[in-house]
Amino acid sequence: MVELNSEGTTDELYSQLYCELRRIAQRLMLGERLENTLTATALVNESYLRFGLHDAREYVWHSRAHFVASAAEAMRRVLIDRARAKNAKKRSRTRQLIELDSISHPLNCDLDWLLDVDAGLTELAKHDAKVALMVKLHLFAGQSIHEAGQLVGLTRWASYQGWEFAVAWFAARSAQTAI
């Protein structure tokens, strides 16, 4: 495990944590289609470039977990952007039912599902930004509910309450679109 010091730049941290980031990317890539040309290595590299685009090279990272969570979010954004680009050809798309409790691997689902989850998380963030971030970390970075909650500053109890809220919120959102 790499200890993070406040002097570490984004470049140095990417070098130190590359293997861990690659494992996260491999987990994210498990659900991708066979004809996909994006590899786990390319996903990590693309997320690195995204950090560079936002002048994060000299950003002060508060902890190792903060850095890994940010890198995982950058990887998730790469996959969302790729899904949007592939889905741009489709004109009419309806929302799918999203049941957070039944998800064994979030990216084993199709592109429409991924885009619906992203839209749902964006809406959820307007109601509770910490819970939305916790759900992202749990689904896309492989953190447990408790670990994801800790990363966003929630207690164990509040983490599980937030998860239950997110499950109910997504169920209500899906029910609204079914009407």
# chains A, B, ... in the order shown; residues from 1 in each chain; ligands from 1
>>> residues_around(residues="A:Ser47", least_positions_apart="4", cutoff="10 Å", atoms="only C-alpha atoms", output="list of chain:residue names")
A:Leu21, A:Ala25, A:Thr41, A:Ala42, A:Leu43, A:Phe51, A:Gly52, A:Leu53, A:Ser70, A:Ala71, A:Ala72, A:Glu73, A:Ala74, A:Met75, A:Arg76, A:Arg77, A:Val78, A:Leu79
>>> residues_around(residues="stretch 143-154 of chain A", least_positions_apart="3", cutoff="6 Å", atoms="only C-alpha atoms", output="list in words")
Lys130, Met134, Leu137, His138, Ala158 and Ser159 of chain A
>>> write_last_selection(atoms="N, CA and C atoms", output="PDB file, in the first residue's frame")
ATOM      1  N   LYS A 130     -23.531  13.841  -1.420  1.00  0.00           N
ATOM      2  CA  LYS A 130     -22.694  12.828  -0.773  1.00  0.00           C
ATOM      3  C   LYS A 130     -23.188  11.423  -1.098  1.00  0.00           C
ATOM      4  N   MET A 134     -21.230   8.537  -3.082  1.00  0.00           N
ATOM      5  CA  MET A 134     -21.052   7.240  -2.447  1.00  0.00           C
ATOM      6  C   MET A 134     -21.519   6.115  -3.373  1.00  0.00           C
ATOM      7  N   LEU A 137     -18.952   5.574  -6.093  1.00  0.00           N
ATOM      8  CA  LEU A 137     -17.778   4.872  -5.594  1.00  0.00           C
ATOM      9  C   LEU A 137     -18.078   3.389  -5.357  1.00  0.00           C
ATOM     10  N   HIS A 138     -19.265   3.102  -4.897  1.00  0.00           N
ATOM     11  CA  HIS A 138     -19.636   1.707  -4.661  1.00  0.00           C
ATOM     12  C   HIS A 138     -19.802   0.950  -5.974  1.00  0.00           C
ATOM     13  N   ALA A 158     -24.800   6.145   8.543  1.00  0.00           N
ATOM     14  CA  ALA A 158     -25.263   7.085   7.513  1.00  0.00           C
ATOM     15  C   ALA A 158     -24.992   6.543   6.111  1.00  0.00           C
ATOM     16  N   SER A 159     -23.926   5.771   5.953  1.00  0.00           N
ATOM     17  CA  SER A 159     -23.619   5.171   4.648  1.00  0.00           C
ATOM     18  C   SER A 159     -24.728   4.214   4.231  1.00  0.00           C
TER      19      SER A 159
END
>>> atom_distance(atom1="atom CA of A:Trp61", atom2="atom CA of A:Thr9")
8.1 Å
>>> atom_distance(atom1="atom CA of A:Arg23", atom2="atom CA of A:Asn45")
13.0 Å
>>> decode(residues="stretch 58-88 of chain A", atoms="N, CA, C and O atoms", output="short mmCIF file (atom, residue, chain, number, x, y, z; two decimals), in the first residue's frame")
data_model
loop_
_atom_site.label_atom_id
_atom_site.label_comp_id
_atom_site.auth_asym_id
_atom_site.auth_seq_id
_atom_site.Cartn_x
_atom_site.Cartn_y
_atom_site.Cartn_z
N GLU A 58 -0.87 19.49 -10.12
CA GLU A 58 -0.32 20.05 -8.90
C GLU A 58 -1.38 20.11 -7.80
O GLU A 58 -1.21 20.79 -6.81
N TYR A 59 -2.47 19.40 -7.97
CA TYR A 59 -3.55 19.38 -6.99
C TYR A 59 -3.06 18.71 -5.71
O TYR A 59 -2.29 17.76 -5.75
N VAL A 60 -3.49 19.19 -4.56
CA VAL A 60 -3.11 18.58 -3.29
C VAL A 60 -4.16 17.53 -2.94
O VAL A 60 -5.33 17.84 -2.76
N TRP A 61 -3.71 16.29 -2.89
CA TRP A 61 -4.62 15.17 -2.59
C TRP A 61 -4.66 14.98 -1.08
O TRP A 61 -3.63 14.95 -0.42
N HIS A 62 -5.85 14.85 -0.52
CA HIS A 62 -6.02 14.75 0.92
C HIS A 62 -5.65 13.36 1.46
O HIS A 62 -5.24 13.24 2.60
N SER A 63 -5.82 12.35 0.64
CA SER A 63 -5.48 10.99 1.06
C SER A 63 -5.34 10.12 -0.18
O SER A 63 -5.72 10.50 -1.29
N ARG A 64 -4.80 8.93 0.04
CA ARG A 64 -4.68 7.95 -1.03
C ARG A 64 -6.06 7.61 -1.57
O ARG A 64 -6.28 7.53 -2.76
N ALA A 65 -7.01 7.45 -0.65
CA ALA A 65 -8.38 7.11 -1.04
C ALA A 65 -8.99 8.23 -1.89
O ALA A 65 -9.73 7.95 -2.84
N HIS A 66 -8.71 9.47 -1.55
CA HIS A 66 -9.21 10.61 -2.30
C HIS A 66 -8.70 10.56 -3.74
O HIS A 66 -9.45 10.75 -4.70
N PHE A 67 -7.41 10.26 -3.88
CA PHE A 67 -6.82 10.18 -5.21
C PHE A 67 -7.43 9.02 -6.01
O PHE A 67 -7.82 9.19 -7.17
N VAL A 68 -7.52 7.83 -5.40
CA VAL A 68 -8.06 6.66 -6.09
C VAL A 68 -9.52 6.89 -6.48
O VAL A 68 -9.94 6.55 -7.59
N ALA A 69 -10.29 7.48 -5.58
CA ALA A 69 -11.70 7.77 -5.88
C ALA A 69 -11.81 8.75 -7.05
O ALA A 69 -12.66 8.57 -7.93
N SER A 70 -10.96 9.74 -7.08
CA SER A 70 -10.98 10.71 -8.18
C SER A 70 -10.57 10.06 -9.50
O SER A 70 -11.17 10.33 -10.55
N ALA A 71 -9.58 9.19 -9.45
CA ALA A 71 -9.15 8.48 -10.66
C ALA A 71 -10.25 7.55 -11.15
O ALA A 71 -10.52 7.46 -12.35
N ALA A 72 -10.92 6.86 -10.22
CA ALA A 72 -12.02 5.97 -10.61
C ALA A 72 -13.17 6.76 -11.23
O ALA A 72 -13.79 6.32 -12.20
N GLU A 73 -13.43 7.94 -10.70
CA GLU A 73 -14.47 8.80 -11.27
C GLU A 73 -14.08 9.23 -12.68
O GLU A 73 -14.91 9.27 -13.59
N ALA A 74 -12.80 9.55 -12.89
CA ALA A 74 -12.34 9.93 -14.23
C ALA A 74 -12.51 8.77 -15.20
O ALA A 74 -12.94 8.95 -16.35
N MET A 75 -12.23 7.54 -14.75
CA MET A 75 -12.43 6.37 -15.60
C MET A 75 -13.91 6.17 -15.92
O MET A 75 -14.27 5.85 -17.05
N ARG A 76 -14.75 6.36 -14.91
CA ARG A 76 -16.20 6.24 -15.13
C ARG A 76 -16.67 7.25 -16.16
O ARG A 76 -17.44 6.94 -17.05
N ARG A 77 -16.15 8.47 -16.07
CA ARG A 77 -16.54 9.52 -17.03
C ARG A 77 -16.10 9.15 -18.45
O ARG A 77 -16.82 9.42 -19.41
N VAL A 78 -14.93 8.53 -18.59
CA VAL A 78 -14.47 8.08 -19.91
C VAL A 78 -15.47 7.08 -20.48
O VAL A 78 -15.89 7.19 -21.64
N LEU A 79 -15.89 6.12 -19.65
CA LEU A 79 -16.84 5.11 -20.13
C LEU A 79 -18.20 5.73 -20.45
O LEU A 79 -18.84 5.35 -21.43
N ILE A 80 -18.64 6.69 -19.64
CA ILE A 80 -19.91 7.37 -19.90
C ILE A 80 -19.83 8.13 -21.22
O ILE A 80 -20.74 8.06 -22.05
N ASP A 81 -18.75 8.84 -21.44
CA ASP A 81 -18.59 9.60 -22.69
C ASP A 81 -18.56 8.67 -23.90
O ASP A 81 -19.14 8.97 -24.94
N ARG A 82 -17.90 7.52 -23.77
CA ARG A 82 -17.89 6.54 -24.87
C ARG A 82 -19.30 5.99 -25.13
O ARG A 82 -19.70 5.82 -26.27
N ALA A 83 -20.03 5.74 -24.05
CA ALA A 83 -21.39 5.23 -24.20
C ALA A 83 -22.28 6.28 -24.88
O ALA A 83 -23.08 5.95 -25.74
N ARG A 84 -22.12 7.54 -24.48
CA ARG A 84 -22.90 8.60 -25.11
C ARG A 84 -22.58 8.71 -26.60
O ARG A 84 -23.46 8.89 -27.43
N ALA A 85 -21.30 8.61 -26.94
CA ALA A 85 -20.91 8.71 -28.35
C ALA A 85 -21.50 7.56 -29.15
O ALA A 85 -21.99 7.76 -30.26
N LYS A 86 -21.46 6.35 -28.60
CA LYS A 86 -22.03 5.20 -29.30
C LYS A 86 -23.54 5.30 -29.40
O LYS A 86 -24.14 4.84 -30.36
N ASN A 87 -24.14 5.89 -28.38
CA ASN A 87 -25.60 5.97 -28.32
C ASN A 87 -26.14 7.18 -29.08
O ASN A 87 -27.35 7.30 -29.26
N ALA A 88 -25.27 8.07 -29.54
CA ALA A 88 -25.71 9.29 -30.22
C ALA A 88 -26.50 8.99 -31.49
O ALA A 88 -27.33 9.79 -31.91
#
